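Raw upload-v1.tsv, TSV, C-alpha atoms:
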```tsv
chain	number	residue	atom	x	y	z
X	1	MET	CA	9.66	17.39	-28.44
X	2	LYS	CA	11.79	14.44	-29.58
X	3	LYS	CA	13.94	14.69	-26.43
X	4	ILE	CA	10.89	14.84	-24.17
X	5	ILE	CA	9.39	11.75	-25.76
X	6	SER	CA	12.69	9.86	-25.63
X	7	ILE	CA	13.03	10.24	-21.84
X	8	LEU	CA	9.38	9.37	-21.14
X	9	PRO	CA	9.99	5.62	-20.58
X	10	VAL	CA	12.87	6.37	-18.19
X	11	CYS	CA	10.72	8.76	-16.16
X	12	VAL	CA	7.84	6.31	-15.88
X	13	ILE	CA	10.11	3.47	-14.76
X	14	SER	CA	11.92	5.71	-12.25
X	15	ILE	CA	8.64	6.79	-10.64
X	16	LEU	CA	7.47	3.19	-10.31
X	17	ILE	CA	10.75	2.03	-8.77
X	18	PHE	CA	10.73	4.94	-6.31
X	19	SER	CA	7.18	4.12	-5.22
X	20	PHE	CA	8.02	0.45	-4.94
X	21	GLU	CA	11.06	1.08	-2.73
X	22	LYS	CA	9.31	3.48	-0.37
X	23	ALA	CA	9.66	1.99	3.10
X	24	VAL	CA	6.69	1.57	5.41
X	25	ASN	CA	7.24	3.06	8.84
X	26	ASN	CA	6.66	0.15	11.20
X	27	ASN	CA	8.83	1.35	14.06
X	28	GLN	CA	6.19	3.07	16.18
X	29	THR	CA	5.74	2.47	19.88
X	30	ILE	CA	3.69	-0.40	21.29
X	31	ASN	CA	1.77	1.89	23.66
X	32	PRO	CA	1.18	5.67	23.52
X	33	HIS	CA	1.57	6.05	27.32
X	34	LEU	CA	4.55	3.77	28.01
X	35	GLY	CA	6.22	3.71	24.62
X	36	ASP	CA	8.63	0.77	24.25
X	37	ILE	CA	9.97	0.86	27.79
X	38	SER	CA	8.89	-2.78	28.24
X	39	PHE	CA	11.08	-3.99	25.36
X	40	VAL	CA	14.06	-1.85	26.36
X	41	ASN	CA	13.73	-2.99	29.98
X	42	LYS	CA	13.87	-6.67	28.94
X	43	PHE	CA	16.27	-6.66	25.97
X	44	GLY	CA	18.32	-3.51	26.47
X	45	HIS	CA	17.57	-1.94	23.08
X	46	GLN	CA	14.71	-0.49	21.06
X	47	PRO	CA	12.63	-2.79	18.83
X	48	ASN	CA	12.72	-2.22	15.08
X	49	LYS	CA	10.61	-3.16	12.07
X	50	LYS	CA	12.15	-6.65	12.02
X	51	THR	CA	11.19	-7.39	15.63
X	52	ASP	CA	8.58	-10.13	15.97
X	53	GLU	CA	5.19	-8.52	16.58
X	54	ASN	CA	3.98	-11.16	19.02
X	55	LEU	CA	7.16	-10.74	21.06
X	56	ARG	CA	6.58	-6.99	21.35
X	57	ILE	CA	2.98	-7.45	22.46
X	58	LYS	CA	3.73	-10.20	24.96
X	59	THR	CA	6.69	-8.28	26.41
X	60	HIS	CA	4.51	-5.20	26.85
X	61	LEU	CA	1.66	-7.06	28.56
X	62	GLU	CA	4.03	-8.86	30.93
X	63	TYR	CA	5.66	-5.56	31.86
X	64	VAL	CA	2.34	-3.84	32.53
X	65	GLU	CA	1.08	-6.81	34.59
X	66	THR	CA	4.18	-6.72	36.81
X	67	ARG	CA	3.93	-2.95	37.20
X	68	LEU	CA	0.25	-3.06	38.16
X	69	ARG	CA	0.78	-5.88	40.66
X	70	LYS	CA	3.41	-3.78	42.46
X	71	LYS	CA	1.21	-0.72	42.72
X	72	ASP	CA	-0.05	0.28	46.17
X	73	ILE	CA	-3.83	-0.33	46.25
X	74	SER	CA	-4.38	-0.07	49.99
X	75	HIS	CA	-6.91	2.70	49.41
X	76	LEU	CA	-9.22	0.42	47.38
X	77	PRO	CA	-12.22	-1.31	48.97
X	78	GLY	CA	-11.87	-5.07	49.42
X	79	GLU	CA	-14.31	-5.83	46.59
X	80	LEU	CA	-12.30	-3.79	44.06
X	81	LYS	CA	-9.04	-5.35	45.28
X	82	GLU	CA	-10.42	-8.80	44.51
X	83	LYS	CA	-11.73	-7.63	41.15
X	84	ARG	CA	-8.35	-6.12	40.27
X	85	LEU	CA	-6.52	-9.32	41.22
X	86	GLN	CA	-8.93	-11.35	39.09
X	87	LEU	CA	-8.31	-9.11	36.07
X	88	LEU	CA	-4.54	-9.24	36.45
X	89	ASN	CA	-4.69	-13.04	36.61
X	90	LEU	CA	-6.78	-13.00	33.43
X	91	LEU	CA	-4.27	-10.64	31.82
X	92	HIS	CA	-1.47	-13.08	32.66
X	93	LYS	CA	-3.42	-15.95	31.09
X	94	TYR	CA	-4.12	-13.87	27.99
X	95	SER	CA	-0.50	-12.78	27.44
X	96	GLN	CA	0.83	-16.31	27.85
X	97	ALA	CA	-1.68	-17.70	25.33
X	98	GLY	CA	-0.17	-15.39	22.70
X	99	VAL	CA	-3.29	-15.02	20.53
X	100	PHE	CA	-3.39	-11.33	19.63
X	101	PRO	CA	-5.44	-9.39	17.06
X	102	ARG	CA	-3.96	-8.01	13.85
X	103	ASN	CA	-4.04	-4.56	12.29
X	104	TYR	CA	-5.39	-5.33	8.81
X	105	ASP	CA	-6.63	-1.87	7.87
X	106	TYR	CA	-3.85	0.61	8.67
X	107	LYS	CA	-0.79	-0.12	6.55
X	108	GLU	CA	1.52	2.67	7.70
X	109	ARG	CA	0.93	3.07	11.43
X	110	ARG	CA	0.28	1.19	14.62
X	111	LYS	CA	-3.31	1.18	15.85
X	112	PRO	CA	-5.23	-0.55	18.63
X	113	CYS	CA	-7.73	-3.15	17.44
X	114	PHE	CA	-10.47	-4.28	19.81
X	115	ILE	CA	-11.54	-7.36	17.82
X	116	ASP	CA	-10.09	-8.12	14.39
X	117	LYS	CA	-11.81	-9.76	11.40
X	118	ASP	CA	-10.62	-13.18	12.59
X	119	LYS	CA	-12.41	-12.62	15.93
X	120	ARG	CA	-9.15	-12.29	17.87
X	121	ILE	CA	-9.66	-9.91	20.77
X	122	CYS	CA	-7.31	-7.40	22.38
X	123	ALA	CA	-6.12	-7.54	25.99
X	124	VAL	CA	-8.65	-5.08	27.44
X	125	GLY	CA	-11.38	-6.63	25.28
X	126	TYR	CA	-10.48	-10.04	26.70
X	127	LEU	CA	-10.83	-8.73	30.27
X	128	ILE	CA	-14.24	-7.28	29.41
X	129	GLU	CA	-15.31	-10.48	27.63
X	130	LYS	CA	-14.42	-12.66	30.64
X	131	THR	CA	-16.18	-10.43	33.17
X	132	ALA	CA	-19.07	-8.84	31.23
X	133	GLY	CA	-19.64	-11.24	28.32
X	134	ARG	CA	-18.61	-11.51	24.69
X	135	GLN	CA	-21.63	-9.54	23.49
X	136	THR	CA	-20.57	-6.54	25.56
X	137	ALA	CA	-17.12	-6.72	23.97
X	138	GLU	CA	-18.68	-7.02	20.49
X	139	ASN	CA	-20.86	-3.95	21.13
X	140	ILE	CA	-17.80	-1.92	22.12
X	141	ASN	CA	-15.94	-3.16	19.05
X	142	ASN	CA	-18.77	-2.04	16.76
X	143	LYS	CA	-18.28	1.55	17.95
X	144	HIS	CA	-14.60	1.73	18.88
X	145	LYS	CA	-12.72	-0.95	16.93
X	146	TYR	CA	-9.60	1.14	16.26
X	147	ASP	CA	-9.95	3.71	19.06
X	148	GLU	CA	-7.55	4.22	21.91
X	149	LEU	CA	-9.23	3.41	25.20
X	150	SER	CA	-8.39	6.84	26.63
X	151	ALA	CA	-10.46	8.38	23.80
X	152	MET	CA	-13.50	6.08	24.13
X	153	ASN	CA	-16.45	8.18	25.29
X	154	ASP	CA	-18.65	5.19	26.02
X	155	LYS	CA	-20.89	4.61	29.05
X	156	THR	CA	-20.41	0.83	28.92
X	157	VAL	CA	-16.62	1.21	28.99
X	158	GLN	CA	-16.77	3.80	31.76
X	159	SER	CA	-19.05	1.64	33.89
X	160	TRP	CA	-16.84	-1.42	33.44
X	161	ILE	CA	-13.69	0.49	34.43
X	162	LYS	CA	-15.45	1.92	37.49
X	163	HIS	CA	-16.11	-1.59	38.84
X	164	SER	CA	-12.85	-3.18	37.68
X	165	GLY	CA	-10.42	-2.06	40.36
X	166	LEU	CA	-8.33	-0.52	37.58
X	167	THR	CA	-8.12	3.14	36.62
X	168	ARG	CA	-8.77	4.44	33.12
X	169	GLU	CA	-5.08	5.28	32.78
X	170	GLU	CA	-4.10	1.73	33.78
X	171	CYS	CA	-6.45	0.23	31.22
X	172	ALA	CA	-4.96	2.55	28.58
X	173	MET	CA	-1.48	1.34	29.62
X	174	ILE	CA	-2.54	-2.27	29.00
X	175	GLN	CA	-3.93	-1.63	25.50
X	176	PRO	CA	-1.28	-2.40	22.82
X	177	MET	CA	-0.94	-0.67	19.45
X	178	TYR	CA	-0.71	-3.25	16.68
X	179	GLY	CA	1.62	-2.83	13.73
X	180	PRO	CA	0.62	-3.24	10.07
X	181	THR	CA	0.09	-6.84	9.01
X	182	PRO	CA	3.49	-8.01	7.66
X	183	VAL	CA	3.90	-8.99	4.03
X	184	TYR	CA	6.24	-11.88	3.27
X	185	SER	CA	7.66	-11.81	-0.24
X	186	TYR	CA	8.88	-14.60	-2.44
X	187	ASN	CA	10.21	-14.69	-5.99
X	188	HIS	CA	8.85	-16.74	-8.86
X	189	ILE	CA	8.09	-15.96	-12.50
X	190	SER	CA	6.41	-18.61	-14.64
X	191	THR	CA	8.02	-19.56	-17.95
X	192	SER	CA	5.00	-18.40	-19.98
X	193	TYR	CA	4.89	-14.99	-18.27
X	194	GLY	CA	8.63	-14.53	-18.62
X	195	ILE	CA	8.68	-15.38	-22.33
X	196	SER	CA	5.61	-13.30	-23.24
X	197	SER	CA	6.99	-10.32	-21.30
X	198	SER	CA	10.36	-10.63	-23.03
X	199	LEU	CA	8.81	-10.84	-26.51
X	200	LEU	CA	6.44	-7.90	-26.06
X	201	GLY	CA	9.06	-5.85	-24.25
X	202	GLY	CA	11.63	-6.45	-26.99
X	203	ILE	CA	9.16	-5.56	-29.75
X	204	ASN	CA	7.98	-2.38	-28.01
X	205	LEU	CA	11.47	-1.16	-27.16
X	206	SER	CA	12.51	-1.75	-30.78
X	207	LEU	CA	9.50	0.16	-32.10
X	208	ASN	CA	10.23	3.04	-29.73
X	209	ALA	CA	13.89	3.14	-30.83
X	210	ILE	CA	12.92	3.20	-34.53
X	211	GLN	CA	10.40	6.01	-34.07
X	212	ILE	CA	12.71	8.11	-31.90
X	213	ALA	CA	15.67	7.62	-34.28
X	214	LYS	CA	13.65	8.70	-37.33
X	215	GLY	CA	11.87	11.48	-35.52
X	216	LYS	CA	8.67	10.07	-36.86
X	217	GLY	CA	6.84	6.80	-37.14
X	218	GLY	CA	5.41	5.22	-40.23
X	219	LYS	CA	1.68	4.72	-40.11
X	220	ALA	CA	2.04	0.95	-39.95
X	221	ILE	CA	4.74	1.08	-37.25
X	222	SER	CA	2.71	3.45	-35.09
X	223	LYS	CA	-0.40	1.29	-35.38
X	224	ILE	CA	1.58	-1.80	-34.44
X	225	GLY	CA	3.01	0.12	-31.49
X	226	LEU	CA	-0.48	0.96	-30.23
X	227	ILE	CA	-1.52	-2.69	-30.39
X	228	THR	CA	1.61	-4.20	-28.85
X	229	GLY	CA	1.79	-1.45	-26.22
X	230	ALA	CA	-1.80	-2.11	-25.17
X	231	GLY	CA	-1.06	-5.83	-25.10
X	232	GLN	CA	1.89	-5.34	-22.77
X	233	VAL	CA	-0.15	-3.13	-20.43
X	234	VAL	CA	-2.91	-5.75	-20.23
X	235	LEU	CA	-0.29	-8.46	-19.64
X	236	GLY	CA	1.19	-6.49	-16.74
X	237	ILE	CA	-2.17	-5.68	-15.12
X	238	THR	CA	-3.53	-9.23	-15.31
X	239	ASN	CA	-0.36	-10.69	-13.79
X	240	PHE	CA	0.20	-8.04	-11.12
X	241	SER	CA	0.90	-9.88	-7.86
X	242	LYS	CA	-1.54	-8.97	-5.11
X	243	ASN	CA	-1.17	-9.75	-1.43
X	244	ALA	CA	-2.64	-13.10	-0.47
X	245	PRO	CA	-3.28	-14.56	3.00
X	246	SER	CA	-0.52	-16.78	4.28
X	247	THR	CA	-0.44	-19.44	6.92
X	248	TRP	CA	1.88	-17.52	9.26
X	249	ASN	CA	0.07	-14.39	10.50
X	250	GLY	CA	0.64	-12.20	7.48
X	251	ASN	CA	0.29	-11.92	3.72
X	252	THR	CA	2.44	-13.16	0.87
X	253	ARG	CA	3.44	-11.33	-2.29
X	254	ASN	CA	5.36	-12.51	-5.35
X	255	GLU	CA	7.95	-9.72	-5.48
X	256	SER	CA	9.62	-10.62	-8.80
X	257	GLN	CA	6.31	-10.95	-10.62
X	258	ARG	CA	5.19	-7.63	-9.16
X	259	ILE	CA	8.31	-5.84	-10.47
X	260	LEU	CA	8.03	-7.45	-13.91
X	261	SER	CA	4.37	-6.42	-14.11
X	262	MET	CA	5.24	-2.80	-13.31
X	263	LEU	CA	7.88	-2.83	-16.05
X	264	ASN	CA	5.37	-4.29	-18.52
X	265	ILE	CA	2.84	-1.59	-17.67
X	266	SER	CA	5.40	1.22	-17.93
X	267	ILE	CA	6.98	0.06	-21.23
X	268	GLY	CA	3.56	-0.67	-22.75
X	269	THR	CA	2.24	2.74	-21.72
X	270	SER	CA	5.26	4.60	-23.12
X	271	THR	CA	4.93	2.69	-26.43
X	272	MET	CA	1.25	3.60	-26.72
X	273	LEU	CA	1.95	7.27	-25.99
X	274	LEU	CA	4.84	7.45	-28.44
X	275	SER	CA	2.97	5.69	-31.24
X	276	GLY	CA	-0.17	7.73	-30.66
X	277	TRP	CA	1.81	10.96	-30.77
X	278	TYR	CA	3.45	10.11	-34.10
X	279	LEU	CA	0.10	9.12	-35.63
X	280	ILE	CA	-1.40	12.47	-34.61
X	281	ALA	CA	1.67	14.42	-35.76
X	282	LYS	CA	1.68	12.71	-39.16
X	283	LYS	CA	-2.01	13.37	-39.65
X	284	LYS	CA	-1.54	17.04	-38.89
X	285	ALA	CA	1.42	17.25	-41.26
X	286	LYS	CA	-0.51	15.54	-44.03
X	287	ASN	CA	-3.52	17.83	-43.68
X	288	LYS	CA	-1.43	21.01	-43.68
X	289	ILE	CA	0.10	20.80	-47.20
X	290	THR	CA	1.03	23.92	-49.19
X	291	THR	CA	1.26	23.60	-53.00
X	292	TRP	CA	2.08	26.19	-55.64
X	293	ASN	CA	2.08	26.32	-59.44
X	294	ILE	CA	3.15	28.87	-62.08
X	295	TYR	CA	1.06	28.91	-65.22
X	296	SER	CA	0.41	31.13	-68.26
X	297	TYR	CA	-2.68	32.05	-70.22
X	298	PRO	CA	-3.46	34.37	-73.23
X	299	ASP	CA	-5.06	37.73	-72.57
X	300	ARG	CA	-5.80	40.11	-75.50
X	301	ASN	CA	-3.13	38.73	-77.75
X	302	LYS	CA	-0.47	38.51	-75.04
X	303	MET	CA	0.64	35.88	-72.59
X	304	VAL	CA	0.11	36.49	-68.88
X	305	VAL	CA	1.91	34.56	-66.16
X	306	GLY	CA	-0.10	33.53	-63.05
X	307	LEU	CA	0.74	32.03	-59.66
X	308	ASN	CA	-1.53	29.49	-57.91
X	309	LEU	CA	-0.97	28.92	-54.15
X	310	THR	CA	-2.96	26.26	-52.29
X	311	ARG	CA	-2.85	25.58	-48.50
X	312	LYS	CA	-4.69	22.63	-46.96
X	313	PHE	CA	-5.80	22.97	-43.34
```

Show me the file's structure as structure tokens.
Amino acid sequence: MKKIISILPVCVISILIFSFEKAVNNNQTINPHLGDISFVNKFGHQPNKKTDENLRIKTHLEYVETRLRKKDISHLPGELKEKRLQLLNLLHKYSQAGVFPRNYDYKERRKPCFIDKDKRICAVGYLIEKTAGRQTAENINNKHKYDELSAMNDKTVQSWIKHSGLTREECAMIQPMYGPTPVYSYNHISTSYGISSSLLGGINLSLNAIQIAKGKGGKAISKIGLITGAGQVVLGITNFSKNAPSTWNGNTRNESQRILSMLNISIGTSTMLLSGWYLIAKKKAKNKITTWNIYSYPDRNKMVVGLNLTRKF
């Protein structure tokens, strides 16, 4: 049991570090039908998780626009040809403006987003907004915010496509998949947080070492360990760095403070568990005491020896 308890802090810290270092897969394709052919065609290599998101979106939209303009549409009626040309001109204007929605809700995969929480609209949504009105786009967003256009079973969408001069497949080609909102990290630990973490961490590690070395903890030491361990856990939780909106299309996170908080929580938790275990173990040992005594007493003019055995449970 002593060995198990002694490696507990190491296990807790290892699990936290492993979880912290787990990479988020952000290298998914920009479009489920075309993949990243647009980026490869322009730059000669695949994008990766460090590639600027706006660049990927803009490159994709420009590629699709060029491809659709080159397509033979001689079979279309004149009215649909004009409508198609109008939409492609709008698509060009949209891609050059560079105002694209963000994927705020899916942290590990790319998803389409019709209109995000900041009211930024996707490419197909923009085409619908400019030809059928913003309210129509809002209504579609209420039902299909994160849906792929090819999976939208919606009469409004179907009717719009029918009169757009574009096919359903072409509209699905236009629709980008947006990556998780990036998190930009920085490093800063305040003097007060650094000092308080060092003091509590030093005290708790010392208490743990004393208890493990002795194989038991004194009642006073164990009680102190419970208090200081709880204090370090609270310190870590209250100072845990959460993501906060930034001014450059993402979120910010204080990486150093986040790591220090996880260490505070793990060391504090291990100290509480260790101290609590020794308090319980000592109580059980104290309650289960066996005593014995040999005594004599006279019985009919002779001395008789007796044995008294007492066991406390």

Considering all atoms listed in the file, give me a table of residues in segment 125-197 of chain X that are at most 12 Å from segment 264-281 of chain X, with the closest atom pair and distance in Å for each, as JSON lines.
```
{"residue": "X:Tyr193", "atom": "CA", "partner": "X:Asn264", "partner_atom": "CA", "distance": 10.7}
{"residue": "X:Gly194", "atom": "CA", "partner": "X:Asn264", "partner_atom": "CA", "distance": 10.7}
{"residue": "X:Ser196", "atom": "CA", "partner": "X:Asn264", "partner_atom": "CA", "distance": 10.2}
{"residue": "X:Ser197", "atom": "CA", "partner": "X:Asn264", "partner_atom": "CA", "distance": 6.8}
```

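At a cut-off of 10 Å from (-0.1, -2.2, 38.6), the residue set is X:Tyr63, X:Val64, X:Glu65, X:Thr66, X:Arg67, X:Leu68, X:Arg69, X:Lys70, X:Lys71, X:Asp72, X:Ile73, X:Arg84, X:Leu85, X:Leu88, X:Leu166, X:Thr167, X:Glu170, X:Met173, X:Ile174 (counting only C-alpha atoms).
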
>> Just want the 10 Å neighbourhood of segment 113-124 of chain X, counted on all atoms listed in the file, with same-chain residues fewer than 6 positions away dropped. Output as a ChimeraX atom specification.
In response: /X:57,61,87,90-92,94-95,99-105,134,137-138,140-149,171-178

>> Restricting the calculation to all atoms listed in the file: of X:Val157, X:Gly229, X:Leu127, X:His45, which residue gets closest to Leu199 of chain X?
In response: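 Going through X:Val157, X:Gly229, X:Leu127, X:His45 one by one, the smallest distance to Leu199 of chain X is for X:Gly229.
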
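We find atom CA of Arg109 of chain X and atom CA of Pro47 of chain X to be spaced 15.0 Å apart.
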
>> My list of candidates is X:Met262, X:Ile30, X:Leu200, X:Met152. Which is closest to Ile237 of chain X when distances are computed with only C-alpha atoms?
In response: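 The closest residue to Ile237 of chain X is X:Met262.
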
> If you measure from atom CA of Gly202 of chain X to atom CA of Glu255 of chain X, what distance in Å do you get, rounded to one decimal?
Replying inline: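 About the pair atom CA of Gly202 of chain X and atom CA of Glu255 of chain X: they are 22.1 Å apart.
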
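Comparing the minimum interatomic distances between Gly201 of chain X and each of X:Thr228, X:Leu55, X:Lys83, X:Asp36, counting all atoms listed in the file, we find that X:Thr228 sits nearest.
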
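Proximity of X:Asn239, X:Gly133, X:Asn204, X:Gln257 to Lys223 of chain X, computed with only C-alpha atoms, is greatest for X:Asn204.
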
> Which one is closest to Val233 of chain X: X:His60, X:Ser150, X:Leu80, X:Leu263? Count all atoms listed in the file.
Replying inline: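 Closest residue, counting all atoms listed in the file: X:Leu263.
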
> What does the distance between atom CA of Gly236 of chain X and atom CA of Lys219 of chain X come to in Å, to one decimal place?
Replying inline: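 For atom CA of Gly236 of chain X relative to atom CA of Lys219 of chain X, the distance reads 25.9 Å.
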
> Between X:Gly179, X:Pro32, X:Pro112, X:Gly125, which is the closest to Arg56 of chain X once you count only C-alpha atoms?
Replying inline: X:Gly179

Taking all listed atoms of segment 251-265 of chain X, build the axis-aligned box, pad each of the six sides by 4 Å, then write its centre and edge lengths in Å to one decimal as JSON.
```
{"center_x": 5.0, "center_y": -7.4, "center_z": -7.4, "size_x": 17.3, "size_y": 19.6, "size_z": 30.2}
```

Because some atoms of segment 73-99 of chain X are absent here, can you restore N, CA and C atoms and send them as a CSV table (one decimal), in the frame of the given file?
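Output file rebuild07.csv follows:
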```csv
chain,number,residue,atom,x,y,z
X,73,ILE,N,-2.4,-0.4,46.4
X,73,ILE,CA,-3.8,-0.3,46.2
X,73,ILE,C,-4.5,-0.4,47.6
X,74,SER,N,-3.8,0.0,48.6
X,74,SER,CA,-4.4,-0.1,50.0
X,74,SER,C,-5.6,0.8,50.1
X,75,HIS,N,-5.8,1.8,49.3
X,75,HIS,CA,-6.9,2.7,49.4
X,75,HIS,C,-8.2,2.1,48.8
X,76,LEU,N,-8.1,1.0,48.1
X,76,LEU,CA,-9.2,0.4,47.4
X,76,LEU,C,-10.1,-0.4,48.4
X,77,PRO,N,-11.4,-0.4,48.2
X,77,PRO,CA,-12.2,-1.3,49.0
X,77,PRO,C,-11.9,-2.8,48.7
X,78,GLY,N,-12.2,-3.7,49.6
X,78,GLY,CA,-11.9,-5.1,49.4
X,78,GLY,C,-12.4,-5.7,48.1
X,79,GLU,N,-13.7,-5.3,47.8
X,79,GLU,CA,-14.3,-5.8,46.6
X,79,GLU,C,-13.5,-5.5,45.3
X,80,LEU,N,-13.0,-4.2,45.2
X,80,LEU,CA,-12.3,-3.8,44.1
X,80,LEU,C,-10.9,-4.4,44.0
X,81,LYS,N,-10.3,-4.7,45.2
X,81,LYS,CA,-9.0,-5.4,45.3
X,81,LYS,C,-9.2,-6.7,44.7
X,82,GLU,N,-10.2,-7.5,45.0
X,82,GLU,CA,-10.4,-8.8,44.5
X,82,GLU,C,-10.7,-8.8,43.0
X,83,LYS,N,-11.4,-7.8,42.6
X,83,LYS,CA,-11.7,-7.6,41.2
X,83,LYS,C,-10.4,-7.3,40.4
X,84,ARG,N,-9.6,-6.5,40.9
X,84,ARG,CA,-8.4,-6.1,40.3
X,84,ARG,C,-7.4,-7.3,40.1
X,85,LEU,N,-7.3,-8.1,41.2
X,85,LEU,CA,-6.5,-9.3,41.2
X,85,LEU,C,-7.0,-10.3,40.2
X,86,GLN,N,-8.3,-10.5,40.1
X,86,GLN,CA,-8.9,-11.4,39.1
X,86,GLN,C,-8.6,-10.9,37.7
X,87,LEU,N,-8.6,-9.6,37.4
X,87,LEU,CA,-8.3,-9.1,36.1
X,87,LEU,C,-6.8,-9.3,35.7
X,88,LEU,N,-6.0,-9.1,36.7
X,88,LEU,CA,-4.5,-9.2,36.4
X,88,LEU,C,-4.2,-10.7,36.2
X,89,ASN,N,-4.9,-11.6,36.9
X,89,ASN,CA,-4.7,-13.0,36.6
X,89,ASN,C,-5.2,-13.4,35.2
X,90,LEU,N,-6.3,-12.8,34.8
X,90,LEU,CA,-6.8,-13.0,33.4
X,90,LEU,C,-5.8,-12.4,32.4
X,91,LEU,N,-5.2,-11.3,32.7
X,91,LEU,CA,-4.3,-10.6,31.8
X,91,LEU,C,-3.0,-11.5,31.6
X,92,HIS,N,-2.6,-12.2,32.7
X,92,HIS,CA,-1.5,-13.1,32.7
X,92,HIS,C,-1.8,-14.3,31.8
X,93,LYS,N,-3.0,-14.8,31.9
X,93,LYS,CA,-3.4,-16.0,31.1
X,93,LYS,C,-3.5,-15.6,29.6
X,94,TYR,N,-4.0,-14.4,29.4
X,94,TYR,CA,-4.1,-13.9,28.0
X,94,TYR,C,-2.7,-13.7,27.3
X,95,SER,N,-1.8,-13.1,28.0
X,95,SER,CA,-0.5,-12.8,27.4
X,95,SER,C,0.3,-14.1,27.2
X,96,GLN,N,0.1,-15.1,28.0
X,96,GLN,CA,0.8,-16.3,27.8
X,96,GLN,C,0.2,-17.1,26.7
X,97,ALA,N,-1.0,-17.0,26.4
X,97,ALA,CA,-1.7,-17.7,25.3
X,97,ALA,C,-1.1,-17.2,24.0
X,98,GLY,N,-0.8,-15.9,23.9
X,98,GLY,CA,-0.2,-15.4,22.7
X,98,GLY,C,-1.1,-15.3,21.5
X,99,VAL,N,-2.4,-15.2,21.7
X,99,VAL,CA,-3.3,-15.0,20.5
X,99,VAL,C,-3.7,-13.6,20.5
```
